[in-house]
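Source file target13.csv; content: CSV, C-alpha atoms and all ligand atoms.
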chain,number,residue,atom,x,y,z
A,221,MET,CA,48.0,27.6,74.8
A,222,ARG,CA,44.6,27.7,73.1
A,223,THR,CA,41.3,27.7,75.0
A,224,SER,CA,40.3,24.0,75.7
A,225,THR,CA,36.9,22.3,76.1
A,226,VAL,CA,37.6,22.2,79.8
A,227,ASN,CA,38.1,26.0,79.9
A,228,ILE,CA,34.8,26.4,78.0
A,229,ARG,CA,32.9,24.1,80.5
A,230,ASN,CA,34.5,26.0,83.4
A,231,MET,CA,33.5,29.4,81.9
A,232,LYS,CA,29.9,28.1,81.8
A,233,ARG,CA,30.2,27.1,85.5
A,234,ARG,CA,31.6,30.5,86.5
A,235,ARG,CA,29.1,32.3,84.2
A,236,ASP,CA,32.0,34.0,82.3
A,237,PRO,CA,30.6,35.0,78.9
A,238,ILE,CA,32.2,33.1,76.0
A,239,VAL,CA,33.2,35.2,73.1
A,240,ALA,CA,33.1,33.5,69.7
A,241,ILE,CA,33.3,34.8,66.2
A,242,THR,CA,33.7,33.3,62.7
A,243,ALA,CA,37.0,33.5,60.9
A,244,TYR,CA,38.0,32.3,57.4
A,245,ASP,CA,41.5,33.6,56.9
A,246,TYR,CA,44.9,34.3,58.6
A,247,THR,CA,44.7,38.1,58.8
A,248,PHE,CA,41.2,38.3,60.5
A,249,ALA,CA,41.8,35.2,62.6
A,250,GLN,CA,44.9,37.0,64.1
A,251,LEU,CA,43.0,40.2,64.7
A,252,ALA,CA,40.1,38.3,66.4
A,253,ASP,CA,42.7,36.4,68.5
A,254,ARG,CA,44.4,39.7,69.6
A,255,ALA,CA,40.9,41.2,70.3
A,256,GLY,CA,40.3,38.5,72.9
A,257,ALA,CA,37.9,36.0,71.3
A,258,HIS,CA,37.8,32.6,73.1
A,259,MET,CA,36.6,30.6,70.1
A,260,LEU,CA,37.1,31.0,66.3
A,261,LEU,CA,34.5,29.2,64.2
A,262,VAL,CA,35.5,28.4,60.7
A,263,GLY,CA,31.8,28.4,59.7
A,264,ASP,CA,30.5,27.1,56.4
A,265,SER,CA,28.9,30.6,56.2
A,266,LEU,CA,32.1,31.1,54.2
A,267,GLY,CA,30.1,29.7,51.3
A,268,MET,CA,28.0,32.9,51.4
A,269,VAL,CA,30.4,35.6,52.7
A,270,VAL,CA,33.6,34.4,51.0
A,271,GLN,CA,32.5,32.3,48.0
A,272,GLY,CA,29.4,34.3,47.1
A,273,HIS,CA,26.9,31.4,47.1
A,274,ASP,CA,23.3,31.9,48.1
A,275,THR,CA,23.4,29.2,50.7
A,276,THR,CA,26.0,27.2,52.6
A,277,LEU,CA,25.2,23.9,50.8
A,278,PRO,CA,27.8,24.0,48.1
A,279,VAL,CA,30.8,24.2,50.5
A,280,THR,CA,33.0,21.1,50.4
A,281,LEU,CA,35.0,19.3,53.0
A,282,ASP,CA,38.2,20.1,51.2
A,283,GLU,CA,37.3,23.8,51.2
A,284,MET,CA,36.6,23.6,55.0
A,285,ILE,CA,39.9,21.9,55.6
A,286,TYR,CA,41.7,24.6,53.5
A,287,HIS,CA,40.2,27.5,55.4
A,288,SER,CA,40.4,25.8,58.8
A,289,GLY,CA,44.1,25.2,58.4
A,290,ILE,CA,44.7,28.8,57.6
A,291,VAL,CA,42.8,30.0,60.7
A,292,ALA,CA,44.4,27.4,62.9
A,293,ARG,CA,47.9,28.7,61.9
A,294,ALA,CA,46.9,32.2,63.1
A,295,ALA,CA,45.2,31.2,66.4
A,296,GLN,CA,47.4,31.3,69.5
A,297,ASN,CA,44.8,31.7,72.2
A,298,PRO,CA,41.3,30.9,70.9
A,299,MET,CA,40.0,27.4,70.3
A,300,VAL,CA,39.5,26.8,66.6
A,301,VAL,CA,36.2,25.0,65.6
A,302,ALA,CA,35.6,23.8,62.1
A,303,ASP,CA,32.1,23.3,60.6
A,304,LEU,CA,31.4,20.0,59.0
A,305,PRO,CA,29.7,21.0,55.7
A,306,PHE,CA,26.5,19.7,54.2
A,307,MET,CA,26.7,16.0,53.3
A,308,SER,CA,30.0,15.4,55.0
A,309,PHE,CA,28.4,13.8,58.1
A,310,GLN,CA,24.7,13.1,57.4
A,311,VAL,CA,25.2,9.9,55.5
A,312,SER,CA,26.4,7.8,58.4
A,313,SER,CA,28.4,8.1,61.7
A,314,ASP,CA,31.3,6.4,59.9
A,315,GLN,CA,31.3,9.2,57.3
A,316,ALA,CA,31.2,11.7,60.2
A,317,VAL,CA,34.2,10.2,62.0
A,318,SER,CA,36.1,10.1,58.7
A,319,SER,CA,35.3,13.7,57.8
A,320,ALA,CA,35.9,15.1,61.3
A,321,GLY,CA,39.1,13.0,61.5
A,322,ARG,CA,40.4,14.6,58.3
A,323,VAL,CA,39.6,18.2,59.6
A,324,MET,CA,41.3,17.5,62.9
A,325,LYS,CA,44.5,15.9,61.4
A,326,GLU,CA,44.9,18.1,58.3
A,327,ALA,CA,43.8,21.5,59.6
A,328,LEU,CA,44.8,21.0,63.2
A,329,VAL,CA,41.6,22.4,64.7
A,330,ASP,CA,40.4,21.8,68.2
A,331,ALA,CA,36.8,20.7,67.6
A,332,VAL,CA,34.2,20.3,64.9
A,333,LYS,CA,30.6,21.6,64.7
A,334,LEU,CA,27.6,19.7,63.3
A,335,GLU,CA,24.1,21.0,62.6
A,336,GLY,CA,21.3,18.9,63.9
A,337,GLY,CA,19.6,17.7,67.1
A,338,GLU,CA,18.3,14.4,68.5
A,339,GLN,CA,18.8,12.6,65.2
A,340,ILE,CA,22.6,13.2,65.1
A,341,ALA,CA,23.1,12.4,68.8
A,342,PRO,CA,24.4,8.9,68.0
A,343,THR,CA,27.0,10.5,65.6
A,344,VAL,CA,28.0,13.0,68.3
A,345,ARG,CA,28.5,10.1,70.7
A,346,ARG,CA,30.7,8.3,68.1
A,347,LEU,CA,32.8,11.4,67.6
A,348,THR,CA,33.4,12.2,71.2
A,349,ALA,CA,34.2,8.5,71.9
A,350,ALA,CA,36.8,8.9,69.2
A,351,GLY,CA,38.3,11.8,71.0
A,352,ILE,CA,36.9,14.5,68.7
A,353,PRO,CA,35.3,17.4,70.7
A,354,VAL,CA,31.9,18.4,69.3
A,355,VAL,CA,29.9,21.6,69.2
A,356,GLY,CA,26.2,21.1,68.3
A,357,HIS,CA,24.1,23.5,66.4
A,358,ILE,CA,20.3,23.7,66.7
A,359,GLY,CA,17.5,26.2,65.9
A,360,LEU,CA,18.0,27.8,62.5
A,361,THR,CA,20.3,25.3,60.9
A,362,PRO,CA,21.3,26.9,57.5
A,363,GLN,CA,22.2,23.5,55.9
A,364,SER,CA,18.4,22.7,56.2
A,365,VAL,CA,17.3,26.0,54.7
A,366,HIS,CA,15.2,24.2,52.1
A,367,GLN,CA,13.5,22.1,54.6
A,368,LEU,CA,12.9,25.1,57.0
A,369,GLY,CA,11.5,27.1,54.1
A,370,GLY,CA,13.9,30.0,54.6
A,371,TYR,CA,16.1,31.7,57.3
A,372,LYS,CA,13.3,32.0,59.8
A,373,VAL,CA,13.0,32.2,63.6
A,374,GLN,CA,12.7,28.6,65.1
A,375,GLY,CA,11.0,27.4,68.3
A,376,LYS,CA,8.1,29.8,68.3
A,377,THR,CA,5.4,27.3,69.2
A,378,MET,CA,5.3,25.2,72.3
A,379,GLU,CA,5.7,22.0,70.3
A,380,ALA,CA,8.8,23.4,68.4
A,381,ALA,CA,10.2,24.7,71.7
A,382,ARG,CA,9.8,21.2,73.3
A,383,ARG,CA,11.6,19.7,70.3
A,384,LEU,CA,14.5,22.1,70.6
A,385,ILE,CA,14.8,21.4,74.3
A,386,ALA,CA,14.9,17.7,73.6
A,387,ASP,CA,17.5,18.3,70.8
A,388,ALA,CA,19.7,20.2,73.2
A,389,GLU,CA,19.4,17.6,75.9
A,390,ALA,CA,20.2,14.8,73.5
A,391,LEU,CA,23.4,16.6,72.2
A,392,ASP,CA,24.4,17.3,75.8
A,393,GLU,CA,23.9,13.7,76.8
A,394,ALA,CA,25.9,12.6,73.8
A,395,GLY,CA,28.9,14.6,74.9
A,396,ALA,CA,28.8,17.9,73.0
A,397,PHE,CA,30.7,20.5,75.1
A,398,ALA,CA,29.0,23.4,73.5
A,399,ILE,CA,25.8,24.0,71.4
A,400,VAL,CA,25.1,26.9,69.1
A,401,LEU,CA,21.6,28.2,69.4
A,402,GLU,CA,20.7,30.1,66.3
A,403,THR,CA,17.7,32.4,65.8
A,404,ILE,CA,15.4,31.2,68.6
A,405,PRO,CA,13.4,33.2,71.2
A,406,ALA,CA,15.6,34.5,74.1
A,407,GLN,CA,13.3,32.8,76.7
A,408,LEU,CA,13.7,29.4,75.0
A,409,ALA,CA,17.5,29.9,74.8
A,410,ARG,CA,17.6,30.7,78.6
A,411,ALA,CA,15.6,27.6,79.4
A,412,ILE,CA,18.0,25.4,77.3
A,413,THR,CA,21.0,27.1,78.9
A,414,GLU,CA,19.7,26.3,82.3
A,415,ARG,CA,19.0,22.6,81.4
A,416,VAL,CA,22.3,21.6,79.8
A,417,ALA,CA,25.9,21.2,81.0
A,418,ALA,CA,27.2,22.1,77.5
A,419,ALA,CA,27.9,25.8,77.0
A,420,THR,CA,25.3,27.5,74.8
A,421,ILE,CA,26.6,29.9,72.2
A,422,GLY,CA,23.9,32.1,70.9
A,423,ILE,CA,23.4,33.9,67.6
A,424,GLY,CA,20.0,35.7,67.6
A,425,ALA,CA,19.1,33.9,70.8
A,426,GLY,CA,19.3,36.6,73.5
A,427,VAL,CA,21.8,37.7,76.1
A,428,ASP,CA,21.3,34.8,78.6
A,429,CYS,CA,23.3,32.2,76.5
A,430,ASP,CA,26.6,31.2,78.0
A,431,GLY,CA,28.3,32.9,75.1
A,432,GLN,CA,27.7,34.7,71.8
A,433,ILE,CA,28.8,34.1,68.2
A,434,GLN,CA,28.6,36.4,65.2
A,435,VAL,CA,29.6,36.2,61.6
A,436,LEU,CA,32.7,38.4,61.2
A,437,HIS,CA,31.4,40.1,58.0
A,438,ASP,CA,28.2,41.2,59.8
A,439,VAL,CA,30.1,42.7,62.8
A,440,LEU,CA,32.5,44.5,60.6
A,441,GLY,CA,29.8,45.7,58.1
A,442,LEU,CA,31.7,44.0,55.3
A,443,VAL,CA,28.6,42.9,53.4
A,444,SER,CA,26.5,46.0,52.6
A,445,ASP,CA,23.4,44.2,51.2
A,446,LEU,CA,23.1,41.7,54.2
A,447,ASN,CA,21.7,43.1,57.5
A,448,PRO,CA,20.4,40.3,59.7
A,449,ARG,CA,18.4,41.4,62.7
A,450,HIS,CA,20.6,39.5,65.2
A,451,ALA,CA,23.8,41.2,64.0
A,452,LYS,CA,25.3,44.5,65.3
A,453,LYS,CA,27.5,46.4,62.8
A,454,TYR,CA,30.4,47.7,64.9
A,455,VAL,CA,32.0,49.4,61.9
A,456,ASP,CA,30.9,50.1,58.3
A,457,LEU,CA,33.9,48.5,56.7
A,458,ALA,CA,32.2,48.2,53.3
A,459,GLN,CA,32.0,52.0,53.2
A,460,ILE,CA,35.5,52.5,54.6
A,461,VAL,CA,37.1,50.0,52.3
A,462,GLY,CA,35.0,51.1,49.3
A,463,SER,CA,36.2,54.7,49.8
A,464,ALA,CA,39.9,53.7,50.3
A,465,LEU,CA,39.8,51.6,47.1
A,466,GLY,CA,38.1,54.4,45.3
A,467,SER,CA,40.9,56.7,46.3
A,468,TYR,CA,43.5,54.2,45.1
A,469,CYS,CA,41.7,53.8,41.7
A,470,SER,CA,41.6,57.6,41.2
A,471,GLU,CA,45.2,58.2,42.2
A,472,VAL,CA,46.5,55.5,39.9
A,473,SER,CA,44.2,56.8,37.0
A,474,GLU,CA,45.5,60.3,37.7
A,475,ARG,CA,49.2,59.2,38.1
A,476,LYS,CA,49.2,60.6,41.7
A,477,PHE,CA,50.3,57.2,43.0
A,478,PRO,CA,53.0,56.0,43.3
A,479,GLY,CA,55.0,59.0,44.5
A,480,PRO,CA,58.8,59.2,44.6
A,481,GLU,CA,58.6,58.0,48.3
A,482,HIS,CA,57.1,54.6,47.0
A,483,ALA,CA,60.0,53.9,44.7
A,484,ALA,CA,63.4,52.2,45.4
A,485,PRO,CA,66.1,54.8,46.0
A,486,LEU,CA,69.0,55.3,43.5
A,487,LYS,CA,72.4,56.9,44.2
A,488,ALA,CA,72.7,60.3,42.4
A,489,GLU,CA,75.8,59.1,40.4
A,490,VAL,CA,74.0,56.0,39.2
A,491,GLU,CA,71.0,58.2,38.1
A,492,GLU,CA,73.3,60.5,36.2
A,493,ALA,CA,75.1,57.6,34.5
A,494,LEU,CA,71.8,56.0,33.6
A,495,ALA,CA,70.5,59.2,32.1
A,496,GLU,CA,73.7,59.6,30.2
A,497,GLU,CA,73.7,56.1,28.7
A,498,PHE,CA,70.0,55.5,28.2
A,499,GLY,CA,68.5,59.1,28.0
A,500,SER,CA,66.9,61.2,30.7
A,501,GLY,CA,63.7,59.0,30.8
A,502,ALA,CA,65.6,56.1,32.4
A,503,ALA,CA,66.0,57.8,35.7
A,504,LEU,CA,62.7,59.6,35.7
A,505,GLY,CA,61.0,59.6,39.1
A,506,ALA,CA,63.8,57.7,40.9
A,507,SER,CA,64.5,58.9,44.4
A,508,HIS,CA,67.9,59.3,45.8
A,509,GLU,CA,69.4,57.1,48.5
B,601,LIG,O1,28.6,28.9,59.6
B,601,LIG,C1,28.5,29.7,60.5
B,601,LIG,O2,29.1,30.8,60.4
B,601,LIG,C2,27.7,29.3,61.7
B,601,LIG,C3,27.5,30.4,62.7
B,601,LIG,C4,26.5,31.4,62.2
B,601,LIG,C5,27.1,29.9,64.0
B,601,LIG,O3,27.3,28.2,61.8
What would the structure in this file look like if it were written as structure tokens?
Ligand code: KIV
Amino acid sequence: MRTSTVNIRNMKRRRDPIVAITAYDYTFAQLADRAGAHMLLVGDSLGMVVQGHDTTLPVTLDEMIYHSGIVARAAQNPMVVADLPFMSFQVSSDQAVSSAGRVMKEALVDAVKLEGGEQIAPTVRRLTAAGIPVVGHIGLTPQSVHQLGGYKVQGKTMEAARRLIADAEALDEAGAFAIVLETIPAQLARAITERVAAATIGIGAGVDCDGQIQVLHDVLGLVSDLNPRHAKKYVDLAQIVGSALGSYCSEVSERKFPGPEHAAPLKAEVEEALAEEFGSGAALGASHE
């Protein structure tokens, strides 16, 4: 049974930290599930770490449905949340219900995430009324990167902090069960966490949020040229994988791989008959059964 919205709300009440991480494919979703994550977010960050775009803006709804379905097939225990990509919900709340409905039905996820504050609260209300659980996302909202003028810390002035608190309260009031707080001062994240019933999930927002989320590729050190301040690299997979692939390339180039142990076995009498009929080259390298 996957973690539910009720479980997440109870975790907030009990002050049990909520562990969330992004996932985009079956293999890593299964590994994150076995590692104990409570929530897998199929983030539109896949536009950058999987598809190689500079921003998340080009990601389409169909692409989100494709990746979300793959992650949902792997997830036994964690809740699966799918991001609604740029321009799949901003046009109108009808568009949002239609996009979220497609993700829920076609990918079998448990909830959707939308970027935005007060201005999308009516949409959040429509979605939750339609039975679609919603995670909000405020602070640094990558879909608005052009409007924000870059990937910068948000909520640093009193006015900006007040606006973010109002955003969080509006989303909470509209029925969001969780809110991602991205790249805002820890003191502001703590104030928001104390004021809302929704669970706050921080990324670059300090330790006092109800939970934490990280981008899988940052935690695993998979992207060597990206090193955001909020991320901790638990392993340098870019180095490990690079070195393993280098060994593979060398061994194939030098005919050291495959060895006899990697080939299908052949009975000795068949090998002999093969050599007799087709020449000794036919059985070259075959291992015996
Ligand atoms: O798209 C994403 O991965 C996200 C997380 C960084 C919260 O929105």
Set up a box along x, y and z of the file covering all listed atoms of region 386-396 of chain A, add 8 Å on every one of the six sides, and write the centre and edge lengths in Å to one decimal, as lines of an AutoDock Vina configuration file.
center_x = 21.9
center_y = 16.4
center_z = 73.8
size_x = 30.0
size_y = 23.6
size_z = 22.0
From the set A:Val317, A:Leu457, A:Ala327, A:Ile238, which residue has the shortest atom-to-atom contact distance to Val300 (chain A), counting all atoms listed in the file? A:Ala327
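Selecting all polymer residues at most 7 Å from ligand LIG 601 (chain B), using only C-alpha atoms and all ligand atoms, gives Thr242, Leu261, Val262, Gly263, Asp264, Ser265, Leu266, Asp303, Val400, Glu402, Ile423, Ile433, Gln434 and Val435 of chain A.
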d(CA of Leu494 (chain A), CA of Val472 (chain A)) in Å: 26.1 Å
May I ask for the distance between CA of Ile358 (chain A) and CA of Ile421 (chain A), given in Å to one decimal place?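 Computing the Euclidean distance for CA of Ile358 (chain A) and CA of Ile421 (chain A) yields 10.4 Å.
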What is the distance between CA of Ser288 (chain A) and CA of Pro448 (chain A), in Å to one decimal? 24.7 Å
Using only C-alpha atoms, determine which residues lie at most 12 Å from Glu389 (chain A), disregarding the query and same-chain residues fewer than 2 positions distant; provide the list as a PDB file with C-alpha atoms, in the coordinates of the input.
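To be explicit, this is the file written out as result04.pdb:
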ATOM      1  CA  GLY A 337      19.600  17.700  67.100  1.00  0.00           C
ATOM      2  CA  GLU A 338      18.300  14.400  68.500  1.00  0.00           C
ATOM      3  CA  GLN A 339      18.800  12.600  65.200  1.00  0.00           C
ATOM      4  CA  ALA A 341      23.100  12.400  68.800  1.00  0.00           C
ATOM      5  CA  GLY A 356      26.200  21.100  68.300  1.00  0.00           C
ATOM      6  CA  ILE A 358      20.300  23.700  66.700  1.00  0.00           C
ATOM      7  CA  ARG A 382       9.800  21.200  73.300  1.00  0.00           C
ATOM      8  CA  ARG A 383      11.600  19.700  70.300  1.00  0.00           C
ATOM      9  CA  LEU A 384      14.500  22.100  70.600  1.00  0.00           C
ATOM     10  CA  ILE A 385      14.800  21.400  74.300  1.00  0.00           C
ATOM     11  CA  ALA A 386      14.900  17.700  73.600  1.00  0.00           C
ATOM     12  CA  ASP A 387      17.500  18.300  70.800  1.00  0.00           C
ATOM     13  CA  LEU A 391      23.400  16.600  72.200  1.00  0.00           C
ATOM     14  CA  ASP A 392      24.400  17.300  75.800  1.00  0.00           C
ATOM     15  CA  GLU A 393      23.900  13.700  76.800  1.00  0.00           C
ATOM     16  CA  ALA A 394      25.900  12.600  73.800  1.00  0.00           C
ATOM     17  CA  GLY A 395      28.900  14.600  74.900  1.00  0.00           C
ATOM     18  CA  ALA A 396      28.800  17.900  73.000  1.00  0.00           C
ATOM     19  CA  PHE A 397      30.700  20.500  75.100  1.00  0.00           C
ATOM     20  CA  ALA A 398      29.000  23.400  73.500  1.00  0.00           C
ATOM     21  CA  ILE A 399      25.800  24.000  71.400  1.00  0.00           C
ATOM     22  CA  ALA A 411      15.600  27.600  79.400  1.00  0.00           C
ATOM     23  CA  ILE A 412      18.000  25.400  77.300  1.00  0.00           C
ATOM     24  CA  THR A 413      21.000  27.100  78.900  1.00  0.00           C
ATOM     25  CA  GLU A 414      19.700  26.300  82.300  1.00  0.00           C
ATOM     26  CA  ARG A 415      19.000  22.600  81.400  1.00  0.00           C
ATOM     27  CA  VAL A 416      22.300  21.600  79.800  1.00  0.00           C
ATOM     28  CA  ALA A 417      25.900  21.200  81.000  1.00  0.00           C
ATOM     29  CA  ALA A 418      27.200  22.100  77.500  1.00  0.00           C
ATOM     30  CA  ALA A 419      27.900  25.800  77.000  1.00  0.00           C
ATOM     31  CA  THR A 420      25.300  27.500  74.800  1.00  0.00           C
TER      32      THR A 420
END
Hey, what's within 6 Å of region 247-259 of chain A if we count only C-alpha atoms and toss same-chain stuff fewer than 5 positions away? As an mmCIF file with C-alpha atoms, in the coordinates of the input, please?
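Printed below is result.cif as written:
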data_model
loop_
_atom_site.group_PDB
_atom_site.id
_atom_site.type_symbol
_atom_site.label_atom_id
_atom_site.label_comp_id
_atom_site.auth_asym_id
_atom_site.auth_seq_id
_atom_site.Cartn_x
_atom_site.Cartn_y
_atom_site.Cartn_z
ATOM 1 C CA VAL A 239 33.200 35.200 73.100
ATOM 2 C CA ALA A 240 33.100 33.500 69.700
ATOM 3 C CA VAL A 291 42.800 30.000 60.700
ATOM 4 C CA ALA A 294 46.900 32.200 63.100
ATOM 5 C CA PRO A 298 41.300 30.900 70.900
ATOM 6 C CA MET A 299 40.000 27.400 70.300
ATOM 7 C CA VAL A 300 39.500 26.800 66.600
#
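Considering all atoms listed in the file, the residue among A:Gly424, A:Gly375, A:Pro353, A:Pro362 positioned nearest to Ile228 (chain A) is A:Pro353.
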A:His437, A:Ser224, A:Lys232, A:Gln407: which is nearest Tyr244 (chain A), counting only C-alpha atoms? A:His437
Write out as a list of chain:residue names which residues come within 12 Å of Ser444 (chain A) when counting all atoms listed in the file, dropping same-chain ones fewer than 5 positions away. A:Val269, A:His437, A:Asp438, A:Val439, A:Lys453, A:Val455, A:Asp456, A:Leu457, A:Ala458, A:Gln459, A:Ile460, A:Val461, A:Gly462
Kindly indicate which residue among A:Pro342, A:Pro405, A:Pro485, A:Pro305 lies nearest to Val373 (chain A), using all atoms listed in the file for the distances. A:Pro405
Taking all atoms listed in the file into account, which of A:Ala495, A:Ala320, A:Val365, A:Gln374 comes nearest Val344 (chain A)?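 Of A:Ala495, A:Ala320, A:Val365, A:Gln374, the one nearest Val344 (chain A) is A:Ala320, counting all atoms listed in the file.
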